[in-house]
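J.: Sending over query_26.cif (mmCIF, C-alpha atoms).
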```
data_structure
loop_
_atom_site.label_atom_id
_atom_site.label_comp_id
_atom_site.auth_asym_id
_atom_site.auth_seq_id
_atom_site.Cartn_x
_atom_site.Cartn_y
_atom_site.Cartn_z
CA MET A 469 65.25 89.98 93.92
CA THR A 470 68.65 91.35 92.99
CA THR A 471 71.04 92.97 95.41
CA LEU A 472 72.59 96.40 94.95
CA TYR A 473 75.97 94.74 94.26
CA GLU A 474 74.48 92.60 91.48
CA ARG A 475 72.63 95.55 89.92
CA ILE A 476 75.80 97.64 89.74
CA GLY A 477 77.68 94.76 88.14
CA GLY A 478 79.60 93.05 90.96
CA GLN A 479 83.37 92.52 90.86
CA ALA A 480 83.63 93.62 87.21
CA ALA A 481 82.06 96.97 88.09
CA VAL A 482 84.49 97.41 90.99
CA ASP A 483 87.41 96.77 88.62
CA LYS A 484 86.02 99.28 86.13
CA ALA A 485 85.14 101.93 88.70
CA VAL A 486 88.30 101.84 90.79
CA GLU A 487 90.64 103.63 88.38
CA ILE A 488 88.05 106.22 87.35
CA PHE A 489 87.32 106.93 91.02
CA TYR A 490 90.95 107.01 92.20
CA ARG A 491 91.94 109.24 89.26
CA LYS A 492 89.21 111.71 90.29
CA VAL A 493 90.40 111.58 93.91
CA LEU A 494 94.04 112.29 93.00
CA ALA A 495 93.06 115.13 90.68
CA ASP A 496 90.80 116.80 93.29
CA ASP A 497 92.59 119.56 95.20
CA ARG A 498 90.09 119.36 98.07
CA ILE A 499 91.33 115.90 99.10
CA ASN A 500 94.43 114.85 97.15
CA GLU A 501 96.87 116.11 99.80
CA PHE A 502 95.80 113.18 102.00
CA PHE A 503 97.16 110.82 99.32
CA ASP A 504 100.60 112.41 99.02
CA GLY A 505 103.32 109.83 99.40
CA VAL A 506 101.05 106.78 99.62
CA ASP A 507 101.93 103.58 97.77
CA MET A 508 99.58 103.83 94.80
CA ASP A 509 99.51 100.07 94.14
CA ALA A 510 98.53 99.30 97.73
CA GLN A 511 96.09 102.19 97.73
CA ILE A 512 94.26 101.01 94.62
CA ASN A 513 93.68 97.65 96.30
CA LYS A 514 92.31 99.45 99.35
CA GLN A 515 90.06 101.50 97.06
CA LYS A 516 88.77 98.24 95.57
CA GLY A 517 87.91 97.05 99.05
CA PHE A 518 86.15 100.33 99.77
CA LEU A 519 84.15 100.23 96.53
CA THR A 520 83.19 96.59 97.11
CA MET A 521 81.84 97.59 100.51
CA VAL A 522 79.85 100.64 99.36
CA PHE A 523 78.48 98.66 96.41
CA GLY A 524 77.06 96.27 99.01
CA GLY A 525 79.46 93.45 98.06
CA PRO A 526 81.29 90.86 100.18
CA ASN A 527 83.73 92.49 102.57
CA HIS A 528 85.24 92.15 105.97
CA TYR A 529 85.45 95.79 106.94
CA THR A 530 84.77 96.61 110.57
CA GLY A 531 84.22 99.95 112.26
CA LYS A 532 87.53 99.38 114.02
CA ASP A 533 89.39 99.02 110.68
CA MET A 534 87.83 102.27 109.49
CA ARG A 535 88.86 104.07 112.67
CA GLU A 536 92.42 102.72 112.68
CA GLY A 537 92.88 103.31 108.95
CA HIS A 538 91.96 106.99 109.10
CA LYS A 539 93.27 108.04 112.51
CA HIS A 540 96.48 109.56 111.10
CA LEU A 541 94.44 111.48 108.52
CA VAL A 542 92.05 112.89 111.12
CA ALA A 543 95.16 114.14 112.93
CA ARG A 544 96.12 115.90 109.68
CA GLY A 545 92.75 117.65 109.46
CA LEU A 546 90.42 115.14 107.76
CA ASN A 547 86.86 116.33 108.35
CA GLY A 548 83.28 116.03 107.12
CA SER A 549 83.87 118.22 104.06
CA HIS A 550 86.43 115.70 102.79
CA VAL A 551 84.00 112.82 103.27
CA ASP A 552 81.42 114.84 101.31
CA ALA A 553 83.94 115.31 98.49
CA VAL A 554 84.66 111.55 98.36
CA ILE A 555 80.94 110.72 98.23
CA GLU A 556 80.50 113.29 95.45
CA LEU A 557 83.32 111.78 93.37
CA LEU A 558 81.90 108.33 93.99
CA GLY A 559 78.57 109.52 92.58
CA ASP A 560 80.29 111.09 89.54
CA THR A 561 82.13 107.82 88.90
CA LEU A 562 78.95 105.75 89.00
CA LYS A 563 77.11 108.24 86.78
CA GLU A 564 79.91 107.88 84.23
CA LEU A 565 79.43 104.12 84.33
CA GLY A 566 75.68 104.50 83.73
CA VAL A 567 74.49 103.35 87.16
CA ALA A 568 70.86 104.30 87.97
CA ASP A 569 70.30 107.33 90.23
CA ALA A 570 68.44 105.29 92.84
CA ASP A 571 71.39 102.88 93.12
CA ILE A 572 73.83 105.78 93.37
CA GLN A 573 71.75 107.11 96.28
CA GLU A 574 71.95 103.73 97.97
CA VAL A 575 75.75 103.60 97.53
CA ALA A 576 76.04 107.13 98.94
CA GLY A 577 73.96 105.97 101.90
CA ILE A 578 76.35 103.09 102.66
CA ALA A 579 79.35 105.40 102.30
CA ASN A 580 77.69 107.89 104.62
CA SER A 581 77.05 105.18 107.21
CA VAL A 582 80.79 104.84 107.92
CA ARG A 583 81.33 108.61 108.23
CA ASP A 584 81.61 108.62 112.04
CA ASP A 585 84.04 105.69 112.03
CA VAL A 586 86.21 107.31 109.36
CA LEU A 587 86.28 110.59 111.26
CA ASN A 588 86.91 108.78 114.57
CA ARG A 589 83.88 110.43 116.20
CA MET L 527 91.16 65.66 94.02
CA PRO L 528 94.22 67.86 93.52
CA ASP L 529 97.03 68.10 96.05
CA ILE L 530 99.11 71.07 97.00
CA LEU L 531 102.73 70.72 97.92
CA PHE L 532 103.81 73.39 100.40
CA ASN L 533 106.80 73.49 102.75
CA GLY L 534 107.48 69.82 102.00
CA GLN L 535 103.96 68.80 103.04
CA THR L 536 101.35 67.35 100.68
CA ILE L 537 97.89 68.69 101.40
CA ARG L 538 94.68 67.35 99.86
CA VAL L 539 92.31 70.09 98.68
CA LYS L 540 88.64 69.11 99.08
CA THR L 541 86.19 69.73 96.24
CA GLY L 542 85.19 73.40 96.23
CA GLN L 543 87.80 74.27 98.84
CA THR L 544 90.20 77.17 98.28
CA VAL L 545 93.97 76.91 98.56
CA LEU L 546 93.87 79.44 101.41
CA SER L 547 91.35 77.43 103.40
CA ALA L 548 93.28 74.18 102.85
CA LEU L 549 96.54 75.79 104.02
CA LEU L 550 94.96 77.47 107.05
CA GLU L 551 93.25 74.21 108.00
CA GLN L 552 96.69 72.58 108.19
CA GLY L 553 97.88 75.33 110.54
CA HIS L 554 100.02 77.26 108.02
CA ASN L 555 100.22 80.92 108.82
CA ILE L 556 99.27 82.51 105.48
CA PRO L 557 98.75 86.28 105.49
CA ASN L 558 95.19 87.07 104.38
CA SER L 559 92.53 89.69 104.80
CA CYS L 560 89.47 90.20 102.56
CA ARG L 561 89.11 86.59 101.37
CA ALA L 562 87.23 87.94 98.37
CA GLY L 563 90.03 88.23 95.80
CA VAL L 564 90.43 91.94 96.30
CA CYS L 565 93.16 92.89 98.77
CA GLN L 566 95.94 90.59 97.44
CA SER L 567 97.27 89.94 100.97
CA CYS L 568 97.19 86.17 100.39
CA LEU L 569 99.39 86.34 97.30
CA ILE L 570 101.26 83.06 96.81
CA GLN L 571 103.34 81.62 93.99
CA ALA L 572 102.89 78.37 92.08
CA THR L 573 106.22 77.00 90.88
CA GLU L 574 104.50 73.95 89.31
CA GLY L 575 100.93 73.30 88.13
CA ASP L 576 98.17 75.29 86.42
CA VAL L 577 96.63 78.22 88.23
CA PRO L 578 92.92 78.84 87.40
CA PRO L 579 92.65 82.29 85.71
CA ASP L 580 89.98 83.38 88.23
CA ALA L 581 92.61 83.35 90.96
CA GLN L 582 94.71 85.93 89.06
CA THR L 583 91.98 88.51 88.37
CA GLY L 584 93.34 92.03 88.73
CA LEU L 585 97.01 91.04 89.10
CA LYS L 586 99.70 92.66 87.00
CA ASP L 587 100.88 90.70 83.95
CA THR L 588 104.34 90.37 85.46
CA LEU L 589 102.93 88.70 88.58
CA LYS L 590 100.75 86.37 86.48
CA ALA L 591 103.78 85.44 84.38
CA GLN L 592 105.58 84.32 87.55
CA GLY L 593 102.68 82.14 88.70
CA TYR L 594 101.43 84.42 91.47
CA PHE L 595 97.78 84.13 92.45
CA MET L 596 95.40 84.85 95.32
CA ALA L 597 95.09 81.79 97.54
CA CYS L 598 91.60 82.84 98.69
CA SER L 599 90.22 82.72 95.13
CA CYS L 600 91.88 79.54 93.94
CA LYS L 601 89.98 76.26 93.73
CA PRO L 602 92.66 74.21 91.98
CA GLU L 603 91.87 71.64 89.29
CA THR L 604 95.39 70.23 89.07
CA SER L 605 98.04 69.75 91.72
CA LEU L 606 100.15 72.78 92.59
CA LYS L 607 103.56 73.31 94.15
CA LEU L 608 103.48 76.51 96.18
CA VAL L 609 105.86 78.90 97.88
CA LEU L 610 105.24 82.12 99.74
CA PRO L 611 106.71 85.09 97.83
CA ASP L 612 109.75 85.53 100.08
CA GLN L 613 110.75 81.87 100.22
CA MET L 614 111.99 81.72 96.63
CA ALA L 615 115.34 83.38 97.06
CA SER L 616 118.47 81.26 97.10
CA ARG L 617 122.13 82.09 96.63
CA HIS L 618 124.33 81.55 93.58
CA LEU L 619 128.05 81.92 93.02
CA THR L 620 129.34 84.06 90.16
CA ASN L 621 132.74 84.97 88.71
CA VAL L 622 133.65 88.53 87.85
CA LEU L 623 134.03 88.50 84.06
CA GLU L 624 134.57 92.16 83.30
CA ARG L 625 134.57 95.58 84.95
CA LYS L 626 134.42 98.88 83.10
CA MET L 627 133.79 102.45 84.19
CA LEU L 628 130.91 103.91 82.13
CA SER L 629 131.24 107.36 83.71
CA LYS L 630 133.17 108.93 86.58
CA ASN L 631 131.06 107.05 89.14
CA VAL L 632 129.18 104.25 87.35
CA LEU L 633 130.84 100.85 87.11
CA ARG L 634 129.58 98.24 84.67
CA LEU L 635 130.04 94.85 86.27
CA ARG L 636 129.57 91.63 84.31
CA LEU L 637 129.28 88.40 86.29
CA MET L 638 129.20 84.79 85.08
CA PRO L 639 126.92 82.56 87.17
CA ASP L 640 128.33 79.11 87.93
CA SER L 641 124.99 77.41 87.21
CA PRO L 642 121.96 78.30 85.07
CA PHE L 643 120.49 81.50 86.46
CA GLU L 644 116.89 82.32 85.58
CA TYR L 645 115.76 85.93 85.53
CA ARG L 646 113.81 88.53 83.61
CA PRO L 647 115.74 91.61 82.43
CA GLY L 648 114.77 94.50 84.71
CA GLN L 649 114.43 92.36 87.83
CA PHE L 650 116.97 92.84 90.60
CA VAL L 651 119.22 90.61 92.68
CA THR L 652 120.95 91.05 96.01
CA ILE L 653 124.74 91.14 95.71
CA TRP L 654 126.54 90.03 98.90
CA ASN L 655 130.01 91.10 99.98
CA SER L 656 132.45 89.04 102.02
CA GLU L 657 131.01 90.46 105.27
CA ASN L 658 127.55 89.25 104.28
CA ILE L 659 126.22 92.74 103.66
CA GLY L 660 123.83 92.75 100.71
CA ARG L 661 122.41 95.43 98.42
CA ASN L 662 119.99 95.23 95.51
CA TYR L 663 121.12 95.83 91.93
CA SER L 664 119.05 95.63 88.76
CA LEU L 665 119.86 93.39 85.80
CA ALA L 666 120.68 95.18 82.54
CA SER L 667 121.51 91.98 80.65
CA VAL L 668 119.12 89.77 78.68
CA PRO L 669 119.08 85.93 78.76
CA GLY L 670 119.42 84.71 75.18
CA LEU L 671 121.50 87.76 74.19
CA ASP L 672 124.07 87.79 76.99
CA GLU L 673 125.73 84.88 78.78
CA TYR L 674 126.75 87.15 81.64
CA LEU L 675 124.71 89.14 84.16
CA GLU L 676 125.22 92.89 83.82
CA PHE L 677 124.87 95.49 86.58
CA HIS L 678 125.47 99.24 86.67
CA ILE L 679 126.91 100.18 90.04
CA ARG L 680 126.88 103.81 91.10
CA TYR L 681 129.63 104.72 93.56
CA ILE L 682 128.16 106.00 96.83
CA PRO L 683 130.69 107.70 99.15
CA ASP L 684 131.08 105.41 102.22
CA GLY L 685 128.65 102.91 100.66
CA LYS L 686 129.72 99.47 101.88
CA LEU L 687 128.72 97.52 98.81
CA SER L 688 129.41 100.03 96.06
CA GLY L 689 132.79 100.90 97.60
CA TRP L 690 133.71 97.23 97.73
CA LEU L 691 132.60 96.59 94.15
CA HIS L 692 134.32 99.72 92.82
CA ASN L 693 137.60 99.49 94.72
CA GLU L 694 138.31 95.93 95.79
CA ILE L 695 136.65 93.44 93.50
CA GLN L 696 138.80 92.25 90.58
CA VAL L 697 138.21 90.13 87.49
CA ASP L 698 137.96 86.38 88.38
CA ASP L 699 136.88 87.09 91.97
CA VAL L 700 133.88 85.10 93.22
CA ILE L 701 130.74 86.98 94.29
CA GLN L 702 127.55 85.64 95.87
CA ILE L 703 124.22 86.79 94.52
CA GLN L 704 120.64 85.93 95.40
CA SER L 705 118.03 84.80 92.86
CA SER L 706 116.20 87.55 91.03
CA ILE L 707 113.00 89.24 92.17
CA GLY L 708 110.83 92.16 91.09
CA ASN L 709 107.90 92.86 88.81
CA CYS L 710 109.45 95.40 86.49
CA PHE L 711 110.02 93.44 83.27
CA TYR L 712 108.72 92.96 79.72
CA VAL L 713 105.85 90.55 79.15
CA ALA L 714 105.19 89.33 75.62
CA GLY L 715 101.61 89.27 74.37
CA SER L 716 100.89 92.85 73.29
CA PRO L 717 103.60 93.48 70.67
CA ASP L 718 101.95 96.61 69.31
CA GLN L 719 101.44 98.39 72.65
CA ASN L 720 103.50 101.57 73.02
CA LEU L 721 106.09 101.46 75.80
CA LEU L 722 107.42 104.30 77.90
CA LEU L 723 110.54 103.77 80.01
CA ALA L 724 111.77 106.56 82.24
CA GLY L 725 114.43 106.58 84.92
CA THR L 726 117.14 108.50 86.69
CA GLY L 727 120.80 107.61 87.22
CA THR L 728 121.44 103.85 87.25
CA GLY L 729 117.67 103.38 86.96
CA LEU L 730 118.80 103.09 83.36
CA ALA L 731 120.14 99.56 84.01
CA PRO L 732 116.75 97.77 84.34
CA LEU L 733 115.26 99.95 81.60
CA LEU L 734 118.05 99.00 79.21
CA GLY L 735 117.39 95.31 79.97
CA ILE L 736 113.67 95.75 79.33
CA VAL L 737 114.21 97.65 76.04
CA ARG L 738 116.64 95.05 74.70
CA ASP L 739 114.29 92.26 75.79
CA ALA L 740 111.33 93.89 74.02
CA LEU L 741 113.33 94.44 70.83
CA GLN L 742 114.63 90.87 70.97
CA GLN L 743 111.03 89.65 71.18
CA ASP L 744 110.11 91.70 68.08
CA HIS L 745 108.05 94.33 69.84
CA THR L 746 106.45 96.45 67.10
CA GLY L 747 104.91 99.32 69.13
CA ASP L 748 106.91 102.48 69.78
CA ILE L 749 109.45 102.29 72.61
CA HIS L 750 110.46 105.59 74.21
CA LEU L 751 113.32 105.60 76.71
CA ILE L 752 113.91 108.75 78.75
CA HIS L 753 117.06 108.99 80.89
CA GLY L 754 117.28 111.75 83.48
CA ALA L 755 120.54 112.81 85.15
CA VAL L 756 122.10 115.70 87.02
CA LYS L 757 124.95 116.39 84.60
CA MET L 758 125.69 115.55 80.99
CA SER L 759 128.54 113.31 82.11
CA ASP L 760 125.99 111.23 84.08
CA LEU L 761 124.24 110.23 80.83
CA TYR L 762 126.51 107.25 80.87
CA MET L 763 125.13 105.45 77.81
CA HIS L 764 124.29 108.46 75.68
CA GLU L 765 126.17 107.42 72.56
CA GLU L 766 125.18 103.74 72.69
CA LEU L 767 121.52 104.65 73.08
CA GLN L 768 121.68 107.18 70.23
CA HIS L 769 123.23 104.45 68.13
CA MET L 770 120.51 101.95 69.14
CA SER L 771 117.79 104.41 68.15
CA LYS L 772 119.29 104.58 64.65
CA GLN L 773 119.26 100.79 64.37
CA HIS L 774 115.61 100.32 65.41
CA SER L 775 112.91 102.40 63.74
CA ASN L 776 110.53 101.98 66.72
CA PHE L 777 113.06 102.85 69.46
CA PHE L 778 113.39 106.48 70.58
CA TYR L 779 115.88 107.81 73.11
CA HIS L 780 115.47 111.08 75.02
CA ALA L 781 117.82 112.60 77.59
CA SER L 782 117.23 115.21 80.26
CA VAL L 783 119.71 116.87 82.61
CA VAL L 784 119.42 119.32 85.49
CA GLU L 785 122.52 121.40 84.62
CA ASP L 786 121.97 123.99 81.92
CA ASN L 787 125.43 125.14 80.88
CA GLY L 788 126.55 124.23 77.38
CA VAL L 789 123.94 121.51 76.97
CA PRO L 790 123.32 120.63 73.29
CA VAL L 791 119.77 121.07 71.98
CA SER L 792 119.31 117.31 71.65
CA ILE L 793 119.30 117.07 75.47
CA SER L 794 116.44 118.63 77.44
CA THR L 795 117.00 120.75 80.54
CA ALA L 796 113.34 120.53 81.62
CA PRO L 797 112.48 118.42 84.71
CA LEU L 798 112.10 114.72 83.89
CA ASP L 799 108.33 114.65 84.50
CA LYS L 800 107.85 117.53 82.04
CA VAL L 801 109.92 115.70 79.44
CA VAL L 802 107.92 112.50 79.99
CA MET L 803 104.57 114.24 79.67
CA ALA L 804 105.76 116.03 76.52
CA VAL L 805 106.78 112.70 74.95
CA VAL L 806 103.54 110.98 76.04
CA PRO L 807 100.78 113.55 76.61
CA LYS L 808 98.08 110.86 76.44
CA PRO L 809 99.41 107.65 78.05
CA THR L 810 95.99 105.94 78.17
CA ASP L 811 96.89 102.63 76.52
CA TRP L 812 100.63 102.78 77.12
CA LYS L 813 102.69 100.51 79.29
CA ALA L 814 105.15 102.40 81.50
CA TYR L 815 108.33 101.33 83.33
CA LEU L 816 109.73 103.74 85.92
CA CYS L 817 113.01 103.18 87.77
CA GLY L 818 115.42 105.10 89.97
CA ASP L 819 114.95 107.95 92.44
CA PRO L 820 111.83 107.12 94.54
CA GLY L 821 110.51 110.69 94.63
CA ILE L 822 110.72 111.05 90.85
CA VAL L 823 109.32 107.54 90.25
CA ASN L 824 106.28 108.32 92.43
CA THR L 825 105.71 111.70 90.80
CA LEU L 826 105.83 110.13 87.35
CA LYS L 827 103.52 107.31 88.40
CA LYS L 828 100.92 109.74 89.69
CA LYS L 829 101.12 112.04 86.65
CA LEU L 830 100.82 109.16 84.20
CA PHE L 831 97.87 107.69 86.09
CA ILE L 832 96.01 111.00 86.34
CA SER L 833 96.64 111.53 82.60
CA GLY L 834 94.91 108.25 81.85
CA ALA L 835 97.40 105.39 82.17
CA SER L 836 96.01 102.33 83.93
CA MET L 837 97.70 101.33 87.20
CA SER L 838 97.93 97.78 85.90
CA ASN L 839 100.10 99.13 83.07
CA ILE L 840 102.55 101.02 85.29
CA TYR L 841 105.54 99.05 86.53
CA SER L 842 107.90 100.77 88.87
CA ASP L 843 111.10 100.06 90.72
CA PRO L 844 111.96 102.90 93.08
CA PHE L 845 115.54 102.46 94.29
CA ILE L 846 114.53 102.70 97.92
CA SER L 847 117.71 101.70 99.73
CA PRO L 848 120.43 103.45 97.75
CA ASP L 849 123.33 101.59 99.28
CA HIS L 850 123.03 102.94 102.81
CA VAL L 851 126.28 103.15 104.68
#
```
Please express what this file holds, its structure, as structure tokens.
T.:
Amino acid sequence: MTTLYERIGGQAAVDKAVEIFYRKVLADDRINEFFDGVDMDAQINKQKGFLTMVFGGPNHYTGKDMREGHKHLVARGLNGSHVDAVIELLGDTLKELGVADADIQEVAGIANSVRDDVLNR
Amino acid sequence: MPDILFNGQTIRVKTGQTVLSALLEQGHNIPNSCRAGVCQSCLIQATEGDVPPDAQTGLKDTLKAQGYFMACSCKPETSLKLVLPDQMASRHLTNVLERKMLSKNVLRLRLMPDSPFEYRPGQFVTIWNSENIGRNYSLASVPGLDEYLEFHIRYIPDGKLSGWLHNEIQVDDVIQIQSSIGNCFYVAGSPDQNLLLAGTGTGLAPLLGIVRDALQQDHTGDIHLIHGAVKMSDLYMHEELQHMSKQHSNFFYHASVVEDNGVPVSISTAPLDKVVMAVVPKPTDWKAYLCGDPGIVNTLKKKLFISGASMSNIYSDPFISPDHV
């Protein structure tokens, strides 16, 4: 039985997806203000970590990391609509890479599972 | 089984063990986080030995070329000598060979190192004054073409280092510098890739080094250099660069200034990012080097990335501490 991470394509898929995904995020006026002034090189590594996690790959994320990492953004108005936008762009990215719909649903489910941590609820 | 030499200690790496695990086991405090080859927190440099390619997945070419790798993903097959990234720097003595004003406020300083000095054009060094205050300056010279090290020093009112270099330092004086660092340099291997170099003010210094290095290494792809400045008189290498573009069929020089009075048509008065995007509307497979004003560097980086350039092909050197008082 293969895991979600293996079906999507593992580390190679993360490397392929990360730029497509981050480019969509930066071009999206609903959410790109939260990325103003960030170090893009550091951010792309964080995005890789995020994608590895939502693809079901090896990661060391904890709810506490998620809370700490987004606290300053919640203070700037980060809310559920922004999380929805990120999950939508994630789906668009995977569709572009030819990932099966059922797997995209599963990825969206993992992303959705950290929603409360991200929003510090 | 291979050994690693770190901080003067020889450490045996067990079969299947990673460099990170071997170092941590010996009580060395190595920064690390994901332990999956993703976050790059455990970046470390091999000064001797062969690094397995797996341990360099996703790193920029310039980091690979310097032997950097991720300790968490490295199961070494040969012995390695390792240093943490910030332990490399050491000081060198240099003699002032020549000083020349290139514009009203940019000094070209050429220094002769007293011993062989290894660097890549475009990297930067710390220059120290007699009170042990140091500031970073980029290298415009090229090993193999120039025996000296060349820097372009902009005068900053009340700047401790630039004031000292502009007003006090004379030819034959001795100056201390620290070994070179930075990831903004030319890497051979893709001679036909198109290169974009854009910068403001003395951000031109590293870009000039990189262009000359690429041409010296017979780069065949197009090389576009775009220099942005406030006034025409700040385009401190305008004539030399125009001349260079006539000598090399694949080198193109563009200039952009903010002032708009009496500017000849060959110089653009559009903002630098507009000029860059007009020169390279589709940067998808280009390599880009961006130096100078941090705000402009970050804007350019973002625009190039959104237009299709890969982050692994964008090298930048924002001049973050512009000679603070």
J.: Please compute the CA of Ser605 in chain L-CA of Ile707 in chain L distance, one decimal, in Å.
T.: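 Taking CA of Ser605 in chain L as the start and CA of Ile707 in chain L as the end point, the length is 24.6 Å.
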J.: Give as a list in words the residues that the PyMOL selection byres ((chain L) within 10 of (chain A)) matches when applied to the coordinates above.
T.: Ser559, Cys560, Arg561, Ala562, Gly563, Val564, Cys565, Gln566, Ser567, Thr583, Gly584, Gly821, Asn824, Thr825, Lys827, Lys828, Lys829, Phe831, Ile832, Ser833, Gly834, Ala835, Ser836, Met837, Ser838, Ile840, Tyr841 and Ser842 of chain L
J.: Please write the residues from the selection above to a file, keeping C-alpha atoms, as a PDB file, keeping the file's coordinate frame.
T.:
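Below is the file that was written, selection_33.pdb:
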```pdb
ATOM      1  CA  SER L 559      92.530  89.690 104.800  1.00  0.00           C
ATOM      2  CA  CYS L 560      89.470  90.200 102.560  1.00  0.00           C
ATOM      3  CA  ARG L 561      89.110  86.590 101.370  1.00  0.00           C
ATOM      4  CA  ALA L 562      87.230  87.940  98.370  1.00  0.00           C
ATOM      5  CA  GLY L 563      90.030  88.230  95.800  1.00  0.00           C
ATOM      6  CA  VAL L 564      90.430  91.940  96.300  1.00  0.00           C
ATOM      7  CA  CYS L 565      93.160  92.890  98.770  1.00  0.00           C
ATOM      8  CA  GLN L 566      95.940  90.590  97.440  1.00  0.00           C
ATOM      9  CA  SER L 567      97.270  89.940 100.970  1.00  0.00           C
ATOM     10  CA  THR L 583      91.980  88.510  88.370  1.00  0.00           C
ATOM     11  CA  GLY L 584      93.340  92.030  88.730  1.00  0.00           C
ATOM     12  CA  GLY L 821     110.510 110.690  94.630  1.00  0.00           C
ATOM     13  CA  ASN L 824     106.280 108.320  92.430  1.00  0.00           C
ATOM     14  CA  THR L 825     105.710 111.700  90.800  1.00  0.00           C
ATOM     15  CA  LYS L 827     103.520 107.310  88.400  1.00  0.00           C
ATOM     16  CA  LYS L 828     100.920 109.740  89.690  1.00  0.00           C
ATOM     17  CA  LYS L 829     101.120 112.040  86.650  1.00  0.00           C
ATOM     18  CA  PHE L 831      97.870 107.690  86.090  1.00  0.00           C
ATOM     19  CA  ILE L 832      96.010 111.000  86.340  1.00  0.00           C
ATOM     20  CA  SER L 833      96.640 111.530  82.600  1.00  0.00           C
ATOM     21  CA  GLY L 834      94.910 108.250  81.850  1.00  0.00           C
ATOM     22  CA  ALA L 835      97.400 105.390  82.170  1.00  0.00           C
ATOM     23  CA  SER L 836      96.010 102.330  83.930  1.00  0.00           C
ATOM     24  CA  MET L 837      97.700 101.330  87.200  1.00  0.00           C
ATOM     25  CA  SER L 838      97.930  97.780  85.900  1.00  0.00           C
ATOM     26  CA  ILE L 840     102.550 101.020  85.290  1.00  0.00           C
ATOM     27  CA  TYR L 841     105.540  99.050  86.530  1.00  0.00           C
ATOM     28  CA  SER L 842     107.900 100.770  88.870  1.00  0.00           C
TER      29      SER L 842
END
```
J.: Enumerate, as a list of chain:residue names, the residues matched when the PyMOL selection byres ((chain A and resi 556-567) around 8) is run on the file above.
T.: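 With the shown file as input, the PyMOL selection byres ((chain A and resi 556-567) around 8) matches A:Ile476, A:Ala485, A:Ile488, A:Phe489, A:Lys492, A:Val493, A:Asp552, A:Ala553, A:Val554, A:Ile555, A:Ala568, A:Asp569, A:Asp571, A:Ile572, A:Ala576.
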J.: Counting all atoms listed in the file, which of A:Ser549, A:Thr470, A:Asn500, A:Thr530 gets nearest to Asp585 in chain A?
T.: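 Residue with the minimum atom-to-atom distance to Asp585 in chain A: A:Thr530.
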J.: Could you check how far CA of Pro809 in chain L sits from CA of Ala481 in chain A, in Å to one decimal?
T.: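 We find that CA of Pro809 in chain L and CA of Ala481 in chain A lie 22.7 Å from each other.
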J.: Which residues are near Thr620 in chain L? Cut-off 12 Å, all atoms listed in the file, ignore same chain within fewer than 6 positions. Put them as an mmCIF file with C-alpha atoms, keeping the file's coordinate frame.
T.:
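Wrote selection25.cif, looks like this:
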```cif
data_model
loop_
_atom_site.group_PDB
_atom_site.id
_atom_site.type_symbol
_atom_site.label_atom_id
_atom_site.label_comp_id
_atom_site.auth_asym_id
_atom_site.auth_seq_id
_atom_site.Cartn_x
_atom_site.Cartn_y
_atom_site.Cartn_z
ATOM 1 C CA LEU L 635 130.040 94.850 86.270
ATOM 2 C CA ARG L 636 129.570 91.630 84.310
ATOM 3 C CA LEU L 637 129.280 88.400 86.290
ATOM 4 C CA MET L 638 129.200 84.790 85.080
ATOM 5 C CA PRO L 639 126.920 82.560 87.170
ATOM 6 C CA ASP L 640 128.330 79.110 87.930
ATOM 7 C CA SER L 641 124.990 77.410 87.210
ATOM 8 C CA PRO L 642 121.960 78.300 85.070
ATOM 9 C CA PHE L 643 120.490 81.500 86.460
ATOM 10 C CA ILE L 653 124.740 91.140 95.710
ATOM 11 C CA TRP L 654 126.540 90.030 98.900
ATOM 12 C CA GLU L 673 125.730 84.880 78.780
ATOM 13 C CA TYR L 674 126.750 87.150 81.640
ATOM 14 C CA LEU L 675 124.710 89.140 84.160
ATOM 15 C CA GLU L 676 125.220 92.890 83.820
ATOM 16 C CA VAL L 697 138.210 90.130 87.490
ATOM 17 C CA ASP L 698 137.960 86.380 88.380
ATOM 18 C CA ASP L 699 136.880 87.090 91.970
ATOM 19 C CA VAL L 700 133.880 85.100 93.220
ATOM 20 C CA ILE L 701 130.740 86.980 94.290
ATOM 21 C CA GLN L 702 127.550 85.640 95.870
ATOM 22 C CA ILE L 703 124.220 86.790 94.520
ATOM 23 C CA GLN L 704 120.640 85.930 95.400
ATOM 24 C CA SER L 705 118.030 84.800 92.860
#
```
J.: Any idea what's packed within 7 Å of Leu751 in chain L, counting only C-alpha atoms, ignoring anything in its chain fewer than 2 positions away? Could you give it as a list in words?
T.: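 Counting only the stated atoms, we get Leu722, Leu723, Ala724, Ile749, His753, Phe778, Tyr779 and His780 of chain L.
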J.: As a check of understanding, name the residues that the PyMOL selection byres ((chain L and resi 762-773) around 12) selects in the supplied structure, as a PyMOL selection string.
T.: chain L and resi 626-634+678-680+726-731+733-734+737-738+741+748-761+774-783+792-793
J.: Grab the CA of Tyr473 in chain A to CA of Lys586 in chain L distance for me, in Å with one decimal place.
T.: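 Result for CA of Tyr473 in chain A versus CA of Lys586 in chain L: 24.9 Å, one decimal.
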J.: Need to verify the contact set: Gln571 in chain L, 8 Å, only C-alpha atoms, exclusion of same-chain residues closer than 5 positions in sequence. Can you return it as a PyMOL selection string?
T.: chain L and resi 592-595+608-611
J.: For the selection you just gave me, I'd like the residues written to a file as a compact mmCIF listing (two decimals), in the coordinates of the input, keeping C-alpha atoms.
T.:
```txt
# COMPACT_ATOMS: atom_id res chain seq x y z
CA GLN L 592 105.58 84.32 87.55
CA GLY L 593 102.68 82.14 88.70
CA TYR L 594 101.43 84.42 91.47
CA PHE L 595 97.78 84.13 92.45
CA LEU L 608 103.48 76.51 96.18
CA VAL L 609 105.86 78.90 97.88
CA LEU L 610 105.24 82.12 99.74
CA PRO L 611 106.71 85.09 97.83
```
